[in-house]
file my_file.txt (compact mmCIF, C-alpha atoms)
# COMPACT_ATOMS: atom_id res chain seq x y z
CA MET A 813 29.94 40.86 52.73
CA VAL A 814 30.24 38.92 49.49
CA LYS A 815 33.19 36.57 49.28
CA LEU A 816 34.39 35.82 45.75
CA ARG A 817 36.74 32.92 45.14
CA ALA A 818 38.66 32.34 41.94
CA LYS A 819 40.77 29.36 41.01
CA CYS A 820 43.84 30.70 39.22
CA ILE A 821 46.38 28.44 37.58
CA LEU A 822 49.91 29.63 36.98
CA VAL A 823 51.51 27.85 34.01
CA GLY A 824 54.56 28.11 31.77
CA ASP A 825 57.86 26.41 31.16
CA ALA A 826 60.20 25.46 33.99
CA ALA A 827 62.41 28.27 35.30
CA VAL A 828 60.44 31.17 33.76
CA GLY A 829 59.78 32.58 37.24
CA LYS A 830 56.26 31.37 38.09
CA SER A 831 57.02 30.48 41.70
CA ALA A 832 59.08 33.63 42.26
CA LEU A 833 56.28 35.78 40.87
CA SER A 834 53.61 34.18 43.06
CA GLN A 835 55.86 34.37 46.15
CA MET A 836 56.49 38.09 45.61
CA PHE A 837 52.78 38.72 45.21
CA ARG A 838 51.77 36.72 48.29
CA SER A 839 54.34 38.40 50.52
CA ASP A 840 53.41 41.98 49.64
CA GLY A 841 49.88 42.68 50.88
CA SER A 842 46.63 43.26 49.03
CA HIS A 843 45.28 46.24 47.07
CA PHE A 844 41.77 44.98 46.35
CA GLN A 845 38.61 47.01 46.90
CA LYS A 846 37.54 47.19 50.52
CA ASN A 847 33.83 46.48 50.09
CA TYR A 848 34.35 42.77 49.51
CA SER A 849 36.84 40.06 50.22
CA MET A 850 38.39 38.36 47.17
CA GLU A 851 40.45 35.20 47.35
CA LEU A 852 42.63 33.90 44.56
CA PHE A 853 43.61 30.27 44.93
CA ILE A 854 46.84 30.13 42.93
CA PHE A 855 47.92 26.74 41.60
CA ASP A 856 51.56 26.98 40.51
CA SER A 857 52.55 24.24 38.05
CA ALA A 858 56.10 22.92 37.99
CA GLY A 859 56.46 23.38 34.22
CA LYS A 860 58.17 20.03 33.71
CA GLU A 861 56.65 17.14 31.78
CA VAL A 862 57.24 14.70 34.64
CA PHE A 863 54.82 16.69 36.84
CA LEU A 864 52.31 17.52 34.11
CA GLU A 865 49.82 14.72 34.79
CA ALA A 866 49.64 15.53 38.50
CA CYS A 867 49.31 19.27 37.82
CA GLU A 868 46.57 18.83 35.25
CA LYS A 869 44.36 17.15 37.86
CA LEU A 870 44.35 20.47 39.74
CA TRP A 871 43.49 22.45 36.59
CA GLU A 872 39.86 21.40 36.25
CA GLN A 873 37.58 24.37 35.63
CA PRO A 874 39.95 27.24 36.34
CA ALA A 875 38.37 30.69 36.72
CA VAL A 876 41.42 32.62 35.51
CA LEU A 877 44.83 31.91 34.04
CA CYS A 878 48.30 33.38 34.52
CA LEU A 879 50.56 32.21 31.68
CA VAL A 880 54.24 33.09 32.27
CA TYR A 881 57.22 33.10 29.94
CA ASP A 882 60.82 34.35 30.22
CA ILE A 883 61.49 37.40 28.00
CA SER A 884 65.04 36.14 27.46
CA SER A 885 63.83 32.76 26.14
CA GLU A 886 62.12 32.61 22.74
CA GLN A 887 61.37 28.92 23.37
CA SER A 888 59.44 29.62 26.58
CA PHE A 889 57.31 32.11 24.64
CA GLN A 890 56.75 29.66 21.78
CA ASN A 891 55.59 27.04 24.29
CA CYS A 892 52.86 29.36 25.59
CA GLY A 893 50.52 28.12 22.87
CA GLN A 894 50.89 24.55 24.09
CA TRP A 895 50.30 25.58 27.71
CA LEU A 896 47.20 27.50 26.68
CA GLU A 897 45.84 24.50 24.76
CA ARG A 898 46.36 22.27 27.79
CA VAL A 899 44.52 24.68 30.06
CA ARG A 900 41.66 25.12 27.59
CA GLY A 901 41.37 21.35 27.43
CA HIS A 902 40.35 21.40 31.11
CA SER A 903 37.95 24.34 30.89
CA GLN A 904 34.96 22.35 29.58
CA GLY A 905 34.40 24.72 26.66
CA GLN A 906 34.35 27.85 28.82
CA HIS A 907 36.56 30.83 27.96
CA VAL A 908 39.28 31.16 30.60
CA PRO A 909 40.25 34.83 30.90
CA GLY A 910 43.73 35.65 32.03
CA VAL A 911 47.04 37.36 31.59
CA LEU A 912 50.22 36.59 29.69
CA VAL A 913 53.23 37.62 31.77
CA GLY A 914 56.67 38.33 30.34
CA ASN A 915 58.89 37.77 33.38
CA LYS A 916 62.57 38.53 33.99
CA THR A 917 62.65 42.10 32.67
CA ASP A 918 65.84 42.42 34.69
CA LEU A 919 67.41 40.45 31.79
CA ALA A 920 66.43 43.10 29.23
CA ALA A 921 69.92 43.02 27.68
CA ARG A 922 69.27 39.37 26.75
CA ARG A 923 65.68 39.92 25.57
CA GLU A 924 64.62 37.48 22.84
CA VAL A 925 60.88 38.26 22.83
CA GLU A 926 59.75 41.77 21.95
CA SER A 927 56.91 43.05 24.10
CA GLY A 928 54.88 44.16 21.06
CA LEU A 929 54.89 40.65 19.62
CA ALA A 930 53.89 39.13 22.95
CA GLN A 931 51.14 41.69 23.44
CA GLU A 932 49.72 40.97 19.96
CA TRP A 933 49.71 37.23 20.66
CA ALA A 934 48.07 37.76 24.04
CA GLN A 935 45.30 39.87 22.49
CA SER A 936 44.73 37.28 19.77
CA GLN A 937 44.20 34.70 22.52
CA GLY A 938 41.89 36.89 24.63
CA LEU A 939 44.52 37.52 27.31
CA GLU A 940 45.78 40.70 28.96
CA TYR A 941 49.54 41.34 28.92
CA CYS A 942 52.15 42.69 31.32
CA GLU A 943 55.84 42.36 32.07
CA THR A 944 57.48 41.81 35.44
CA SER A 945 60.73 41.13 37.22
CA ALA A 946 60.20 38.90 40.24
CA LYS A 947 63.92 39.20 41.05
CA GLU A 948 63.80 43.01 41.18
CA VAL A 949 60.23 43.08 42.60
CA GLU A 950 59.02 45.17 39.66
CA ASN A 951 55.35 45.09 38.69
CA CYS A 952 54.82 41.74 40.49
CA GLU A 953 51.35 42.60 41.68
CA ALA A 954 50.15 43.74 38.23
CA PRO A 955 49.27 40.31 36.80
CA PHE A 956 47.32 39.36 39.93
CA LEU A 957 45.48 42.67 40.04
CA ILE A 958 44.57 42.15 36.38
CA LEU A 959 43.35 38.64 37.22
CA ALA A 960 41.27 39.96 40.12
CA GLN A 961 39.72 42.62 37.89
CA VAL A 962 39.04 40.11 35.13
CA PHE A 963 37.46 37.69 37.58
CA HIS A 964 35.39 40.43 39.20
CA GLN A 965 34.09 41.47 35.76
CA LEU A 966 33.29 37.84 34.97
CA TYR A 967 31.39 37.65 38.25
CA GLN A 968 29.48 40.88 37.48
CA ASP A 969 28.56 39.60 34.01
CA ARG A 970 27.25 36.32 35.42
CA LEU A 971 25.35 38.14 38.16
CA GLN A 972 23.66 40.36 35.57
CA ALA A 973 22.76 37.31 33.47
CA ILE A 974 21.18 35.64 36.50
CA GLN A 975 19.31 38.80 37.47
CA ALA A 976 18.00 39.13 33.90
CA LEU A 977 16.46 35.66 34.20
CA ALA A 978 14.53 36.60 37.36
call {"tool": "encode", "arguments": {"input": "my_file.txt", "output": "structure tokens"}}
result
Amino acid sequence: MVKLRAKCILVGDAAVGKSALSQMFRSDGSHFQKNYSMELFIFDSAGKEVFLEACEKLWEQPAVLCLVYDISSEQSFQNCGQWLERVRGHSQGQHVPGVLVGNKTDLAARREVESGLAQEWAQSQGLEYCETSAKEVENCEAPFLILAQVFHQLYQDRLQAIQALA
């Protein structure tokens, strides 16, 4: 059995729902393929400047990224660019694949960020996109399944590159 391990960092502003999203995912079982065991080590950042230095020490060479914003907060979406720059600063020039997550869809009546705009930005940054509601347990596993698929594809690509050298 091949065991694949991916370091995933979960970043975004404070109170966008990062911890709630990861808790809902961890408590609800796994839907990965059965022919291998995949482990995602999820590092959830606090999202506050006071904790930033300590969090960034854990960010070195991430395999995948989960960038979260609150759909009812334009500012949390605007700050995604800064979070992405910080993560890329720790990736040693490697592309870090990942997913942009619009959380708190249960607050749709207060939506400030249109999904089309967020999806366009995500694509321009090389990220996948999805929306969730950790509070209502809607689509919570989607970002992590996307991350697992992205990581598995990254693994397959690297394996093929190594095999081509042999």
call {"tool": "closest_residue", "arguments": {"input": "my_file.txt", "among": "A:Met836, A:Val823, A:Val962, A:Val949", "to": "Cys892 in chain A", "atoms": "only C-alpha atoms"}}
result
A:Val823
call {"tool": "atom_distance", "arguments": {"input": "my_file.txt", "atom1": "CA of Pro955 in chain A", "atom2": "CA of Ala875 in chain A"}}
result
14.5 Å
call {"tool": "closest_residue", "arguments": {"input": "my_file.txt", "among": "A:Gln961, A:Gln873, A:Gln937, A:Asn951", "to": "Gly893 in chain A", "atoms": "all atoms listed in the file"}}
result
A:Gln937
call {"tool": "atom_distance", "arguments": {"input": "my_file.txt", "atom1": "CA of Met813 in chain A", "atom2": "CA of Ala976 in chain A"}}
result
22.4 Å
call {"tool": "residues_around", "arguments": {"input": "my_file.txt", "residues": "Phe889 in chain A", "least_positions_apart": "6", "cutoff": "12 Å", "atoms": "only C-alpha atoms", "output": "NGL selection string"}}
result
:A and (823-826 or 828 or 879-883 or 895-896 or 912-915 or 923-927 or 929-931 or 933-934)
call {"tool": "atom_distance", "arguments": {"input": "my_file.txt", "atom1": "CA of Ala954 in chain A", "atom2": "CA of Gln935 in chain A"}}
result
16.9 Å
call {"tool": "decode", "arguments": {"input": "my_file.txt", "residues": "range 943-958 of chain A", "atoms": "all heavy atoms", "output": "CSV table (one decimal), in the first residue's frame"}}
result
chain,number,residue,atom,x,y,z
A,943,GLU,N,-17.9,26.7,-2.7
A,943,GLU,CA,-18.6,27.4,-1.6
A,943,GLU,C,-19.1,26.4,-0.6
A,943,GLU,O,-19.6,25.4,-0.9
A,943,GLU,CB,-19.7,28.3,-2.1
A,943,GLU,CG,-19.2,29.5,-2.9
A,943,GLU,CD,-20.2,30.5,-3.2
A,943,GLU,OE1,-21.4,30.3,-3.1
A,943,GLU,OE2,-19.8,31.6,-3.6
A,944,THR,N,-19.1,26.8,0.7
A,944,THR,CA,-19.5,26.0,1.8
A,944,THR,C,-20.3,26.7,2.9
A,944,THR,O,-20.3,27.9,2.9
A,944,THR,CB,-18.3,25.3,2.5
A,944,THR,OG1,-17.6,26.3,3.1
A,944,THR,CG2,-17.5,24.5,1.5
A,945,SER,N,-21.0,26.0,3.7
A,945,SER,CA,-21.5,26.5,5.0
A,945,SER,C,-21.1,25.5,6.1
A,945,SER,O,-21.7,24.4,6.2
A,945,SER,CB,-23.0,26.7,4.9
A,945,SER,OG,-23.5,27.0,6.2
A,946,ALA,N,-20.1,25.8,6.8
A,946,ALA,CA,-19.7,25.0,7.9
A,946,ALA,C,-20.9,24.9,9.0
A,946,ALA,O,-21.1,23.8,9.5
A,946,ALA,CB,-18.4,25.5,8.6
A,947,LYS,N,-21.6,26.0,9.2
A,947,LYS,CA,-22.7,26.0,10.2
A,947,LYS,C,-23.8,25.1,9.8
A,947,LYS,O,-24.3,24.4,10.6
A,947,LYS,CB,-23.2,27.5,10.3
A,947,LYS,CG,-24.3,27.6,11.3
A,947,LYS,CD,-24.9,29.0,11.3
A,947,LYS,CE,-26.0,29.1,12.3
A,947,LYS,NZ,-26.6,30.4,12.3
A,948,GLU,N,-24.1,25.0,8.5
A,948,GLU,CA,-25.2,24.2,8.0
A,948,GLU,C,-24.7,22.8,7.5
A,948,GLU,O,-25.5,22.1,7.0
A,948,GLU,CB,-26.0,24.9,6.9
A,948,GLU,CG,-26.6,26.2,7.4
A,948,GLU,CD,-27.7,26.0,8.4
A,948,GLU,OE1,-28.4,24.9,8.4
A,948,GLU,OE2,-27.9,26.9,9.3
A,949,VAL,N,-23.4,22.6,7.6
A,949,VAL,CA,-22.8,21.3,7.2
A,949,VAL,C,-23.1,21.1,5.7
A,949,VAL,O,-23.4,20.0,5.3
A,949,VAL,CB,-23.2,20.1,8.0
A,949,VAL,CG1,-22.2,19.0,7.8
A,949,VAL,CG2,-23.2,20.5,9.5
A,950,GLU,N,-22.9,22.1,4.9
A,950,GLU,CA,-23.2,22.0,3.4
A,950,GLU,C,-21.9,22.1,2.7
A,950,GLU,O,-21.2,23.1,2.8
A,950,GLU,CB,-24.1,23.2,3.0
A,950,GLU,CG,-25.5,23.0,3.5
A,950,GLU,CD,-26.4,24.2,3.2
A,950,GLU,OE1,-25.9,25.2,2.5
A,950,GLU,OE2,-27.6,24.1,3.5
A,951,ASN,N,-21.6,21.1,1.9
A,951,ASN,CA,-20.5,21.0,1.0
A,951,ASN,C,-19.1,21.1,1.7
A,951,ASN,O,-18.1,21.4,1.1
A,951,ASN,CB,-20.6,22.1,0.0
A,951,ASN,CG,-20.0,21.7,-1.4
A,951,ASN,OD1,-20.0,20.6,-1.7
A,951,ASN,ND2,-19.6,22.7,-2.1
A,952,CYS,N,-19.1,20.8,3.0
A,952,CYS,CA,-17.8,20.9,3.8
A,952,CYS,C,-16.7,20.0,3.4
A,952,CYS,O,-15.6,20.3,3.5
A,952,CYS,CB,-18.1,20.6,5.3
A,952,CYS,SG,-19.1,21.9,6.0
A,953,GLU,N,-17.1,18.8,2.8
A,953,GLU,CA,-16.0,17.9,2.4
A,953,GLU,C,-15.5,18.3,1.0
A,953,GLU,O,-14.3,17.9,0.7
A,953,GLU,CB,-16.5,16.5,2.4
A,953,GLU,CG,-17.6,16.1,1.5
A,953,GLU,CD,-19.0,16.4,2.0
A,953,GLU,OE1,-19.2,16.4,3.2
A,953,GLU,OE2,-19.8,16.8,1.2
A,954,ALA,N,-16.2,19.1,0.3
A,954,ALA,CA,-15.8,19.4,-1.1
A,954,ALA,C,-14.4,20.0,-1.2
A,954,ALA,O,-13.6,19.6,-2.0
A,954,ALA,CB,-16.8,20.3,-1.8
A,955,PRO,N,-14.0,21.1,-0.4
A,955,PRO,CA,-12.7,21.6,-0.6
A,955,PRO,C,-11.6,20.6,-0.3
A,955,PRO,O,-10.5,20.6,-0.9
A,955,PRO,CB,-12.6,22.8,0.5
A,955,PRO,CG,-13.9,22.8,1.1
A,955,PRO,CD,-14.8,21.8,0.6
A,956,PHE,N,-11.8,19.7,0.7
A,956,PHE,CA,-10.8,18.7,1.1
A,956,PHE,C,-10.7,17.6,0.1
A,956,PHE,O,-9.6,17.1,-0.2
A,956,PHE,CB,-11.0,18.2,2.5
A,956,PHE,CG,-11.0,19.3,3.5
A,956,PHE,CD1,-12.2,19.9,4.0
A,956,PHE,CD2,-9.8,19.9,3.9
A,956,PHE,CE1,-12.1,20.9,4.9
A,956,PHE,CE2,-9.7,21.0,4.8
A,956,PHE,CZ,-10.9,21.5,5.3
A,957,LEU,N,-11.8,17.3,-0.6
A,957,LEU,CA,-11.8,16.3,-1.6
A,957,LEU,C,-11.0,16.9,-2.8
A,957,LEU,O,-10.2,16.2,-3.5
A,957,LEU,CB,-13.2,15.8,-2.0
A,957,LEU,CG,-13.9,15.0,-1.0
A,957,LEU,CD1,-15.4,14.7,-1.4
A,957,LEU,CD2,-13.2,13.7,-0.7
A,958,ILE,N,-11.3,18.1,-3.1
A,958,ILE,CA,-10.6,18.8,-4.2
A,958,ILE,C,-9.1,18.8,-3.9
A,958,ILE,O,-8.2,18.5,-4.8
A,958,ILE,CB,-11.1,20.3,-4.4
A,958,ILE,CG1,-12.5,20.2,-5.0
A,958,ILE,CG2,-10.1,21.1,-5.3
A,958,ILE,CD1,-13.2,21.6,-5.0
